[in-house]
Amino acid sequence: MKKNVKKMTALLLAGAVSAAAFSVTVSADWEPYSEARWKYSYADGSYASGGFVPIDGQWYLFSEDGVMQTGWHLIDGSWYLMPGSGERLTGWQKNGGCWYYFDANGVMQSGWQQIDGSWYYLGEDGRMQTGWKLIGGSWYYLGGGGAMKTGWLQQGSKWYFLNGGGVMQTGWVYTGGAWYYMDGNGVMQTGSLTIGGISYTFSSSGALQNGTPPVSADADLSGAKTLLNAQNLYPQTTTDSSLNKLVSDWTAGNLTRSMDTFTQVKTVYDYLLDKAAYGVSDKTIVDTTGMTMDQLMDLYFGGPEYNARVLLQTGKGTEEHFAAALAALLRSVGLDCEVTEGIVYQDASLSTGKSSSWVTVTLNGQAYIFDPVADRQSGSRYAHFCKTASELGGRYQANDTFAFRS
């Protein structure tokens, strides 16, 4: 429509008749400024200028001197794209052979974006990504149309498994009622394999045939998934700015908006199971030489904030550090939790126990225990993940709880 209006305007200008002979009513209209450049004049003789202006249901960008702009423009930190016809673009747009996505206000998007029910990853320059991508320390696969893949993925003769958050899995995977094993590159294994000194046999489809995986007792996390994904989340920070920065940096590098709540919680838990170093004392972690009395008091009585900082700064610690770091990260996800200290009994008769720390998360008014240290020490993975005290045989006896200051 605008092109027709422009053409009509040009014809009218070329065949203008003397105002002395006819009375002409002036209205807003497009005017050619130079080759392929336009201005928009109002009925009062002024021109649209100095930013975005709505015209006939579209938005156009004008310079200070009133010339319509085209191409890419960076305005207040956001990128916009206008084609030769000038209207501000929204939605998916292909430019220079690459796809970009612009929101309803025409702002170019970047990072993870959920669009029409699917997740996409757009680079810092806005370009839609495809294929395998390492993002925040995890591998994802983005299809030819850019949508993030989940579940089983075949690449040539190789099979991979991507969890609900799109993260490529390694190690043991339980899905569809069967166990599978993925090597360090995420490739599903078949045939005979020795893992951790134990022999296993996998069918041609990858399903475990012979041998019991070390996490068999913890295979079914469907209940925990349903429970966690049903929660209303209220992300929280603390009054400790240093801890807030550590938590923010960790979550930015390990969690994504494409992950559901369960996947985020499990990712945090897996970090403490697999990557943090356990069994290191405070004396090894923190050099107290030259510390003031206030600093020493903070060291030993600083509460969960200090203990969380220790683990997130050093990647190592004991029960209290693991519990505090887990609680701090889960609070940032949006769960209601606190550090609990007490006795954990090693036997069903509750006769032999030791002091420990764990995390208590309140879900639907019920307390659930998360204890990665207990899983590490027992050789399991999720036997102490999202379990009530009764489910754990009453072996957890709380003496005190420690909430974060917020």
# chains A, B, ... in the order shown; residues from 1 in each chain; ligands from 1

call {"tool": "closest_atom_pairs", "arguments": {"of": "stretch 172-278 of chain A", "to": "stretch 115-127 of chain A", "cutoff": "10 Å", "atoms": "only C-alpha atoms", "output": "CSV"}}
result
residue,atom,partner,partner_atom,distance
A:Arg257,CA,A:Trp119,CA,9.1
A:Ser258,CA,A:Trp119,CA,6.5
A:Met259,CA,A:Trp119,CA,10.0

call {"tool": "residues_around", "arguments": {"residues": "stretch 164-175 of chain A", "least_positions_apart": "3", "cutoff": "8 Å", "atoms": "only C-alpha atoms", "output": "NGL selection string"}}
result
:A and (138-141 or 148-151 or 160-161 or 178-187 or 213 or 219 or 256 or 258-260 or 263)

call {"tool": "select_by_dssp", "arguments": {"residues": "stretch 143-185 of chain A", "states": "strand (DSSP E or B)", "output": "list in words"}}
result
Met148, Gly151, Trp152, Leu153, Gln154, Gln155, Lys158, Trp159, Tyr160, Phe161, Leu162, Met168, Gly171, Trp172, Val173, Tyr174, Thr175, Ala178, Trp179, Tyr180, Tyr181 and Met182 of chain A

call {"tool": "residues_around", "arguments": {"residues": "A:Lys354", "least_positions_apart": "4", "cutoff": "12 Å", "atoms": "only C-alpha atoms", "output": "list in words"}}
result
Glu319, Glu341, Gly342, Ile343, Val344, Tyr345, Gln346, Asp347, Leu350, Ala374, Arg395, Tyr396, Gln397 and Ala398 of chain A

call {"tool": "residues_around", "arguments": {"residues": "A:Asp65", "least_positions_apart": "6", "cutoff": "12 Å", "atoms": "only C-alpha atoms", "output": "PyMOL selection string"}}
result
chain A and resi 33+38-41+46-51

call {"tool": "closest_residue", "arguments": {"among": "A:Ala403, A:Tyr269, A:Asn364, A:Gly145", "to": "A:Thr130", "atoms": "only C-alpha atoms"}}
result
A:Gly145

call {"tool": "closest_atom_pairs", "arguments": {"of": "stretch 190-239 of chain A", "to": "stretch 248-252 of chain A", "cutoff": "12 Å", "atoms": "only C-alpha atoms", "output": "CSV"}}
result
residue,atom,partner,partner_atom,distance
A:Pro235,CA,A:Ser248,CA,11.4
A:Gln236,CA,A:Ser248,CA,11.1
A:Thr237,CA,A:Ser248,CA,9.4
A:Thr238,CA,A:Ser248,CA,11.6

call {"tool": "select_by_dssp", "arguments": {"residues": "stretch 132-315 of chain A", "states": "helix (DSSP H, G or I)", "output": "ChimeraX atom specification"}}
result
/A:216-218,222-229,241-254,261-274,282-285,293-301,304-314

call {"tool": "residues_around", "arguments": {"residues": "A:Val247", "least_positions_apart": "4", "cutoff": "12 Å", "atoms": "only C-alpha atoms", "output": "number ranges by chain"}}
result
A: 235-238, 240-243, 251-255, 268, 305, 308-313, 324-333

call {"tool": "write_last_selection", "arguments": {"atoms": "N, CA and C atoms", "output": "PDB file, in the first residue's frame"}}
result
ATOM      1  N   PRO A 235      12.213 -17.112  43.260  1.00  0.00           N
ATOM      2  CA  PRO A 235      13.676 -16.981  43.380  1.00  0.00           C
ATOM      3  C   PRO A 235      14.061 -15.959  44.444  1.00  0.00           C
ATOM      4  N   GLN A 236      15.089 -16.301  45.253  1.00  0.00           N
ATOM      5  CA  GLN A 236      15.502 -15.452  46.361  1.00  0.00           C
ATOM      6  C   GLN A 236      17.003 -15.227  46.345  1.00  0.00           C
ATOM      7  N   THR A 237      17.401 -14.047  46.806  1.00  0.00           N
ATOM      8  CA  THR A 237      18.803 -13.750  47.047  1.00  0.00           C
ATOM      9  C   THR A 237      19.001 -13.613  48.559  1.00  0.00           C
ATOM     10  N   THR A 238      20.217 -13.253  48.974  1.00  0.00           N
ATOM     11  CA  THR A 238      20.490 -13.064  50.395  1.00  0.00           C
ATOM     12  C   THR A 238      21.030 -11.653  50.611  1.00  0.00           C
ATOM     13  N   ASP A 240      23.946 -11.238  51.521  1.00  0.00           N
ATOM     14  CA  ASP A 240      25.374 -11.413  51.250  1.00  0.00           C
ATOM     15  C   ASP A 240      25.628 -11.212  49.760  1.00  0.00           C
ATOM     16  N   SER A 241      26.101 -10.027  49.379  1.00  0.00           N
ATOM     17  CA  SER A 241      26.286  -9.716  47.960  1.00  0.00           C
ATOM     18  C   SER A 241      27.334 -10.619  47.305  1.00  0.00           C
ATOM     19  N   SER A 242      28.364 -11.010  48.070  1.00  0.00           N
ATOM     20  CA  SER A 242      29.392 -11.889  47.506  1.00  0.00           C
ATOM     21  C   SER A 242      28.797 -13.247  47.155  1.00  0.00           C
ATOM     22  N   LEU A 243      27.963 -13.782  48.039  1.00  0.00           N
ATOM     23  CA  LEU A 243      27.311 -15.055  47.758  1.00  0.00           C
ATOM     24  C   LEU A 243      26.354 -14.921  46.582  1.00  0.00           C
ATOM     25  N   THR A 251      24.725 -20.265  38.257  1.00  0.00           N
ATOM     26  CA  THR A 251      23.486 -20.571  37.544  1.00  0.00           C
ATOM     27  C   THR A 251      23.563 -20.135  36.082  1.00  0.00           C
ATOM     28  N   ALA A 252      24.231 -19.005  35.820  1.00  0.00           N
ATOM     29  CA  ALA A 252      24.362 -18.541  34.437  1.00  0.00           C
ATOM     30  C   ALA A 252      25.158 -19.533  33.602  1.00  0.00           C
ATOM     31  N   GLY A 253      26.115 -20.210  34.228  1.00  0.00           N
ATOM     32  CA  GLY A 253      26.952 -21.155  33.509  1.00  0.00           C
ATOM     33  C   GLY A 253      26.415 -22.566  33.443  1.00  0.00           C
ATOM     34  N   ASN A 254      25.379 -22.878  34.240  1.00  0.00           N
ATOM     35  CA  ASN A 254      24.925 -24.263  34.319  1.00  0.00           C
ATOM     36  C   ASN A 254      23.430 -24.472  34.108  1.00  0.00           C
ATOM     37  N   LEU A 255      22.622 -23.440  34.317  1.00  0.00           N
ATOM     38  CA  LEU A 255      21.178 -23.578  34.162  1.00  0.00           C
ATOM     39  C   LEU A 255      20.701 -22.703  33.017  1.00  0.00           C
ATOM     40  N   VAL A 268      21.793 -29.052  39.706  1.00  0.00           N
ATOM     41  CA  VAL A 268      22.495 -28.582  40.906  1.00  0.00           C
ATOM     42  C   VAL A 268      22.982 -29.768  41.727  1.00  0.00           C
ATOM     43  N   GLU A 305      25.476 -18.683  54.761  1.00  0.00           N
ATOM     44  CA  GLU A 305      26.041 -17.810  53.728  1.00  0.00           C
ATOM     45  C   GLU A 305      27.532 -18.077  53.559  1.00  0.00           C
ATOM     46  N   ALA A 308      28.240 -21.608  52.102  1.00  0.00           N
ATOM     47  CA  ALA A 308      27.927 -21.671  50.670  1.00  0.00           C
ATOM     48  C   ALA A 308      29.025 -20.994  49.854  1.00  0.00           C
ATOM     49  N   ARG A 309      29.526 -19.866  50.356  1.00  0.00           N
ATOM     50  CA  ARG A 309      30.608 -19.176  49.644  1.00  0.00           C
ATOM     51  C   ARG A 309      31.835 -20.061  49.531  1.00  0.00           C
ATOM     52  N   VAL A 310      32.159 -20.768  50.608  1.00  0.00           N
ATOM     53  CA  VAL A 310      33.348 -21.624  50.597  1.00  0.00           C
ATOM     54  C   VAL A 310      33.283 -22.624  49.449  1.00  0.00           C
ATOM     55  N   LEU A 311      32.168 -23.345  49.338  1.00  0.00           N
ATOM     56  CA  LEU A 311      32.098 -24.368  48.298  1.00  0.00           C
ATOM     57  C   LEU A 311      32.046 -23.764  46.899  1.00  0.00           C
ATOM     58  N   LEU A 312      31.268 -22.709  46.725  1.00  0.00           N
ATOM     59  CA  LEU A 312      31.144 -22.121  45.392  1.00  0.00           C
ATOM     60  C   LEU A 312      32.429 -21.426  44.955  1.00  0.00           C
ATOM     61  N   GLN A 313      33.243 -20.974  45.911  1.00  0.00           N
ATOM     62  CA  GLN A 313      34.521 -20.354  45.569  1.00  0.00           C
ATOM     63  C   GLN A 313      35.597 -21.393  45.292  1.00  0.00           C
ATOM     64  N   ALA A 324      24.915 -26.025  52.450  1.00  0.00           N
ATOM     65  CA  ALA A 324      24.690 -24.587  52.290  1.00  0.00           C
ATOM     66  C   ALA A 324      24.704 -24.183  50.824  1.00  0.00           C
ATOM     67  N   ALA A 325      25.647 -24.729  50.054  1.00  0.00           N
ATOM     68  CA  ALA A 325      25.709 -24.397  48.629  1.00  0.00           C
ATOM     69  C   ALA A 325      24.471 -24.912  47.905  1.00  0.00           C
ATOM     70  N   LEU A 326      24.055 -26.140  48.231  1.00  0.00           N
ATOM     71  CA  LEU A 326      22.850 -26.693  47.617  1.00  0.00           C
ATOM     72  C   LEU A 326      21.639 -25.821  47.927  1.00  0.00           C
ATOM     73  N   ALA A 327      21.496 -25.418  49.190  1.00  0.00           N
ATOM     74  CA  ALA A 327      20.355 -24.579  49.572  1.00  0.00           C
ATOM     75  C   ALA A 327      20.393 -23.227  48.870  1.00  0.00           C
ATOM     76  N   ALA A 328      21.577 -22.615  48.785  1.00  0.00           N
ATOM     77  CA  ALA A 328      21.692 -21.305  48.129  1.00  0.00           C
ATOM     78  C   ALA A 328      21.297 -21.392  46.663  1.00  0.00           C
ATOM     79  N   LEU A 329      21.733 -22.449  45.985  1.00  0.00           N
ATOM     80  CA  LEU A 329      21.420 -22.604  44.565  1.00  0.00           C
ATOM     81  C   LEU A 329      19.943 -22.937  44.357  1.00  0.00           C
ATOM     82  N   LEU A 330      19.372 -23.776  45.226  1.00  0.00           N
ATOM     83  CA  LEU A 330      17.953 -24.105  45.090  1.00  0.00           C
ATOM     84  C   LEU A 330      17.064 -22.905  45.398  1.00  0.00           C
ATOM     85  N   ARG A 331      17.504 -22.042  46.327  1.00  0.00           N
ATOM     86  CA  ARG A 331      16.755 -20.812  46.604  1.00  0.00           C
ATOM     87  C   ARG A 331      16.744 -19.915  45.375  1.00  0.00           C
ATOM     88  N   SER A 332      17.861 -19.896  44.639  1.00  0.00           N
ATOM     89  CA  SER A 332      17.917 -19.062  43.437  1.00  0.00           C
ATOM     90  C   SER A 332      16.997 -19.600  42.351  1.00  0.00           C
ATOM     91  N   VAL A 333      16.789 -20.925  42.325  1.00  0.00           N
ATOM     92  CA  VAL A 333      15.830 -21.517  41.392  1.00  0.00           C
ATOM     93  C   VAL A 333      14.406 -21.100  41.772  1.00  0.00           C
TER      94      VAL A 333
END

call {"tool": "residues_around", "arguments": {"residues": "A:Leu193", "least_positions_apart": "6", "cutoff": "12 Å", "atoms": "only C-alpha atoms", "output": "JSON, numbers by chain"}}
result
{"A": [180, 181, 182, 183, 199, 200, 201, 202, 203, 206, 208, 209, 210, 211]}

call {"tool": "atom_distance", "arguments": {"atom1": "atom CA of A:Leu142", "atom2": "atom CA of A:Ser222"}}
result
25.8 Å

call {"tool": "closest_residue", "arguments": {"among": "A:Thr388, A:Ser351, A:Gln69, A:Ser204", "to": "A:Leu81", "atoms": "only C-alpha atoms"}}
result
A:Gln69

call {"tool": "atom_distance", "arguments": {"atom1": "atom CA of A:Phe262", "atom2": "atom CA of A:Gly315"}}
result
22.9 Å

call {"tool": "atom_distance", "arguments": {"atom1": "atom CA of A:Thr340", "atom2": "atom CA of A:Trp358"}}
result
5.4 Å

call {"tool": "closest_residue", "arguments": {"among": "A:Phe385, A:Phe322, A:Tyr368, A:Trp159", "to": "A:Ala276", "atoms": "only C-alpha atoms"}}
result
A:Phe322

call {"tool": "decode", "arguments": {"residues": "stretch 319-335 of chain A", "atoms": "all heavy atoms", "output": "PDB file, in the first residue's frame"}}
result
ATOM      1  N   GLU A 319      30.197 -31.616  54.859  1.00  0.00           N
ATOM      2  CA  GLU A 319      28.726 -31.653  54.837  1.00  0.00           C
ATOM      3  C   GLU A 319      28.085 -30.276  54.899  1.00  0.00           C
ATOM      4  O   GLU A 319      27.151 -29.976  54.139  1.00  0.00           O
ATOM      5  CB  GLU A 319      28.204 -32.501  56.012  1.00  0.00           C
ATOM      6  CG  GLU A 319      28.357 -33.991  55.843  1.00  0.00           C
ATOM      7  CD  GLU A 319      29.691 -34.508  56.337  1.00  0.00           C
ATOM      8  OE1 GLU A 319      30.608 -33.682  56.591  1.00  0.00           O
ATOM      9  OE2 GLU A 319      29.827 -35.731  56.478  1.00  0.00           O
ATOM     10  N   GLU A 320      28.570 -29.417  55.824  1.00  0.00           N
ATOM     11  CA  GLU A 320      27.920 -28.126  55.987  1.00  0.00           C
ATOM     12  C   GLU A 320      28.083 -27.234  54.759  1.00  0.00           C
ATOM     13  O   GLU A 320      27.201 -26.439  54.421  1.00  0.00           O
ATOM     14  CB  GLU A 320      28.437 -27.399  57.233  1.00  0.00           C
ATOM     15  CG  GLU A 320      29.918 -27.079  57.212  1.00  0.00           C
ATOM     16  CD  GLU A 320      30.757 -28.141  57.888  1.00  0.00           C
ATOM     17  OE1 GLU A 320      30.373 -29.325  57.870  1.00  0.00           O
ATOM     18  OE2 GLU A 320      31.811 -27.780  58.439  1.00  0.00           O
ATOM     19  N   HIS A 321      29.219 -27.376  54.060  1.00  0.00           N
ATOM     20  CA  HIS A 321      29.432 -26.573  52.853  1.00  0.00           C
ATOM     21  C   HIS A 321      28.555 -27.074  51.706  1.00  0.00           C
ATOM     22  O   HIS A 321      27.966 -26.283  50.955  1.00  0.00           O
ATOM     23  CB  HIS A 321      30.901 -26.618  52.447  1.00  0.00           C
ATOM     24  CG  HIS A 321      31.840 -26.204  53.535  1.00  0.00           C
ATOM     25  ND1 HIS A 321      32.683 -27.083  54.158  1.00  0.00           N
ATOM     26  CD2 HIS A 321      32.034 -25.005  54.147  1.00  0.00           C
ATOM     27  CE1 HIS A 321      33.384 -26.445  55.085  1.00  0.00           C
ATOM     28  NE2 HIS A 321      33.000 -25.189  55.102  1.00  0.00           N
ATOM     29  N   PHE A 322      28.481 -28.408  51.555  1.00  0.00           N
ATOM     30  CA  PHE A 322      27.629 -28.984  50.517  1.00  0.00           C
ATOM     31  C   PHE A 322      26.174 -28.567  50.726  1.00  0.00           C
ATOM     32  O   PHE A 322      25.489 -28.160  49.782  1.00  0.00           O
ATOM     33  CB  PHE A 322      27.747 -30.509  50.533  1.00  0.00           C
ATOM     34  CG  PHE A 322      28.848 -31.047  49.663  1.00  0.00           C
ATOM     35  CD1 PHE A 322      30.181 -30.792  49.964  1.00  0.00           C
ATOM     36  CD2 PHE A 322      28.565 -31.802  48.536  1.00  0.00           C
ATOM     37  CE1 PHE A 322      31.205 -31.282  49.164  1.00  0.00           C
ATOM     38  CE2 PHE A 322      29.579 -32.304  47.729  1.00  0.00           C
ATOM     39  CZ  PHE A 322      30.907 -32.043  48.043  1.00  0.00           C
ATOM     40  N   ALA A 323      25.696 -28.697  51.964  1.00  0.00           N
ATOM     41  CA  ALA A 323      24.298 -28.372  52.244  1.00  0.00           C
ATOM     42  C   ALA A 323      24.011 -26.896  52.003  1.00  0.00           C
ATOM     43  O   ALA A 323      22.986 -26.538  51.404  1.00  0.00           O
ATOM     44  CB  ALA A 323      23.953 -28.757  53.681  1.00  0.00           C
ATOM     45  N   ALA A 324      24.915 -26.025  52.450  1.00  0.00           N
ATOM     46  CA  ALA A 324      24.690 -24.587  52.290  1.00  0.00           C
ATOM     47  C   ALA A 324      24.704 -24.183  50.824  1.00  0.00           C
ATOM     48  O   ALA A 324      23.871 -23.381  50.375  1.00  0.00           O
ATOM     49  CB  ALA A 324      25.742 -23.809  53.070  1.00  0.00           C
ATOM     50  N   ALA A 325      25.647 -24.729  50.054  1.00  0.00           N
ATOM     51  CA  ALA A 325      25.709 -24.397  48.629  1.00  0.00           C
ATOM     52  C   ALA A 325      24.471 -24.912  47.905  1.00  0.00           C
ATOM     53  O   ALA A 325      23.895 -24.219  47.055  1.00  0.00           O
ATOM     54  CB  ALA A 325      26.974 -24.984  48.006  1.00  0.00           C
ATOM     55  N   LEU A 326      24.055 -26.140  48.231  1.00  0.00           N
ATOM     56  CA  LEU A 326      22.850 -26.693  47.617  1.00  0.00           C
ATOM     57  C   LEU A 326      21.639 -25.821  47.927  1.00  0.00           C
ATOM     58  O   LEU A 326      20.850 -25.484  47.031  1.00  0.00           O
ATOM     59  CB  LEU A 326      22.621 -28.117  48.123  1.00  0.00           C
ATOM     60  CG  LEU A 326      21.338 -28.809  47.673  1.00  0.00           C
ATOM     61  CD1 LEU A 326      21.271 -28.895  46.159  1.00  0.00           C
ATOM     62  CD2 LEU A 326      21.235 -30.201  48.292  1.00  0.00           C
ATOM     63  N   ALA A 327      21.496 -25.418  49.190  1.00  0.00           N
ATOM     64  CA  ALA A 327      20.355 -24.579  49.572  1.00  0.00           C
ATOM     65  C   ALA A 327      20.393 -23.227  48.870  1.00  0.00           C
ATOM     66  O   ALA A 327      19.364 -22.726  48.400  1.00  0.00           O
ATOM     67  CB  ALA A 327      20.334 -24.388  51.085  1.00  0.00           C
ATOM     68  N   ALA A 328      21.577 -22.615  48.785  1.00  0.00           N
ATOM     69  CA  ALA A 328      21.692 -21.305  48.129  1.00  0.00           C
ATOM     70  C   ALA A 328      21.297 -21.392  46.663  1.00  0.00           C
ATOM     71  O   ALA A 328      20.590 -20.518  46.131  1.00  0.00           O
ATOM     72  CB  ALA A 328      23.115 -20.784  48.271  1.00  0.00           C
ATOM     73  N   LEU A 329      21.733 -22.449  45.985  1.00  0.00           N
ATOM     74  CA  LEU A 329      21.420 -22.604  44.565  1.00  0.00           C
ATOM     75  C   LEU A 329      19.943 -22.937  44.357  1.00  0.00           C
ATOM     76  O   LEU A 329      19.302 -22.427  43.429  1.00  0.00           O
ATOM     77  CB  LEU A 329      22.304 -23.679  43.952  1.00  0.00           C
ATOM     78  CG  LEU A 329      23.795 -23.325  43.870  1.00  0.00           C
ATOM     79  CD1 LEU A 329      24.625 -24.537  43.474  1.00  0.00           C
ATOM     80  CD2 LEU A 329      24.033 -22.182  42.890  1.00  0.00           C
ATOM     81  N   LEU A 330      19.372 -23.776  45.226  1.00  0.00           N
ATOM     82  CA  LEU A 330      17.953 -24.105  45.090  1.00  0.00           C
ATOM     83  C   LEU A 330      17.064 -22.905  45.398  1.00  0.00           C
ATOM     84  O   LEU A 330      16.003 -22.739  44.802  1.00  0.00           O
ATOM     85  CB  LEU A 330      17.592 -25.275  46.009  1.00  0.00           C
ATOM     86  CG  LEU A 330      18.229 -26.628  45.679  1.00  0.00           C
ATOM     87  CD1 LEU A 330      17.661 -27.720  46.577  1.00  0.00           C
ATOM     88  CD2 LEU A 330      18.052 -26.988  44.214  1.00  0.00           C
ATOM     89  N   ARG A 331      17.504 -22.042  46.327  1.00  0.00           N
ATOM     90  CA  ARG A 331      16.755 -20.812  46.604  1.00  0.00           C
ATOM     91  C   ARG A 331      16.744 -19.915  45.375  1.00  0.00           C
ATOM     92  O   ARG A 331      15.748 -19.251  45.085  1.00  0.00           O
ATOM     93  CB  ARG A 331      17.353 -20.065  47.789  1.00  0.00           C
ATOM     94  CG  ARG A 331      17.120 -20.760  49.131  1.00  0.00           C
ATOM     95  CD  ARG A 331      17.831 -20.055  50.265  1.00  0.00           C
ATOM     96  NE  ARG A 331      17.065 -18.902  50.752  1.00  0.00           N
ATOM     97  CZ  ARG A 331      17.349 -17.636  50.502  1.00  0.00           C
ATOM     98  NH1 ARG A 331      18.375 -17.324  49.745  1.00  0.00           N
ATOM     99  NH2 ARG A 331      16.604 -16.671  50.994  1.00  0.00           N
ATOM    100  N   SER A 332      17.861 -19.896  44.639  1.00  0.00           N
ATOM    101  CA  SER A 332      17.917 -19.062  43.437  1.00  0.00           C
ATOM    102  C   SER A 332      16.997 -19.600  42.351  1.00  0.00           C
ATOM    103  O   SER A 332      16.482 -18.839  41.525  1.00  0.00           O
ATOM    104  CB  SER A 332      19.358 -18.974  42.917  1.00  0.00           C
ATOM    105  OG  SER A 332      19.762 -20.165  42.282  1.00  0.00           O
ATOM    106  N   VAL A 333      16.789 -20.925  42.325  1.00  0.00           N
ATOM    107  CA  VAL A 333      15.830 -21.517  41.392  1.00  0.00           C
ATOM    108  C   VAL A 333      14.406 -21.100  41.772  1.00  0.00           C
ATOM    109  O   VAL A 333      13.554 -20.920  40.900  1.00  0.00           O
ATOM    110  CB  VAL A 333      15.964 -23.058  41.398  1.00  0.00           C
ATOM    111  CG1 VAL A 333      14.826 -23.717  40.616  1.00  0.00           C
ATOM    112  CG2 VAL A 333      17.317 -23.468  40.816  1.00  0.00           C
ATOM    113  N   GLY A 334      14.167 -20.935  43.094  1.00  0.00           N
ATOM    114  CA  GLY A 334      12.852 -20.485  43.543  1.00  0.00           C
ATOM    115  C   GLY A 334      12.184 -21.380  44.555  1.00  0.00           C
ATOM    116  O   GLY A 334      10.993 -21.212  44.841  1.00  0.00           O
ATOM    117  N   LEU A 335      12.955 -22.343  45.128  1.00  0.00           N
ATOM    118  CA  LEU A 335      12.374 -23.263  46.101  1.00  0.00           C
ATOM    119  C   LEU A 335      12.557 -22.746  47.529  1.00  0.00           C
ATOM    120  O   LEU A 335      13.538 -22.063  47.831  1.00  0.00           O
ATOM    121  CB  LEU A 335      13.015 -24.646  45.971  1.00  0.00           C
ATOM    122  CG  LEU A 335      12.776 -25.362  44.632  1.00  0.00           C
ATOM    123  CD1 LEU A 335      13.504 -26.690  44.611  1.00  0.00           C
ATOM    124  CD2 LEU A 335      11.281 -25.558  44.373  1.00  0.00           C
TER     125      LEU A 335
END
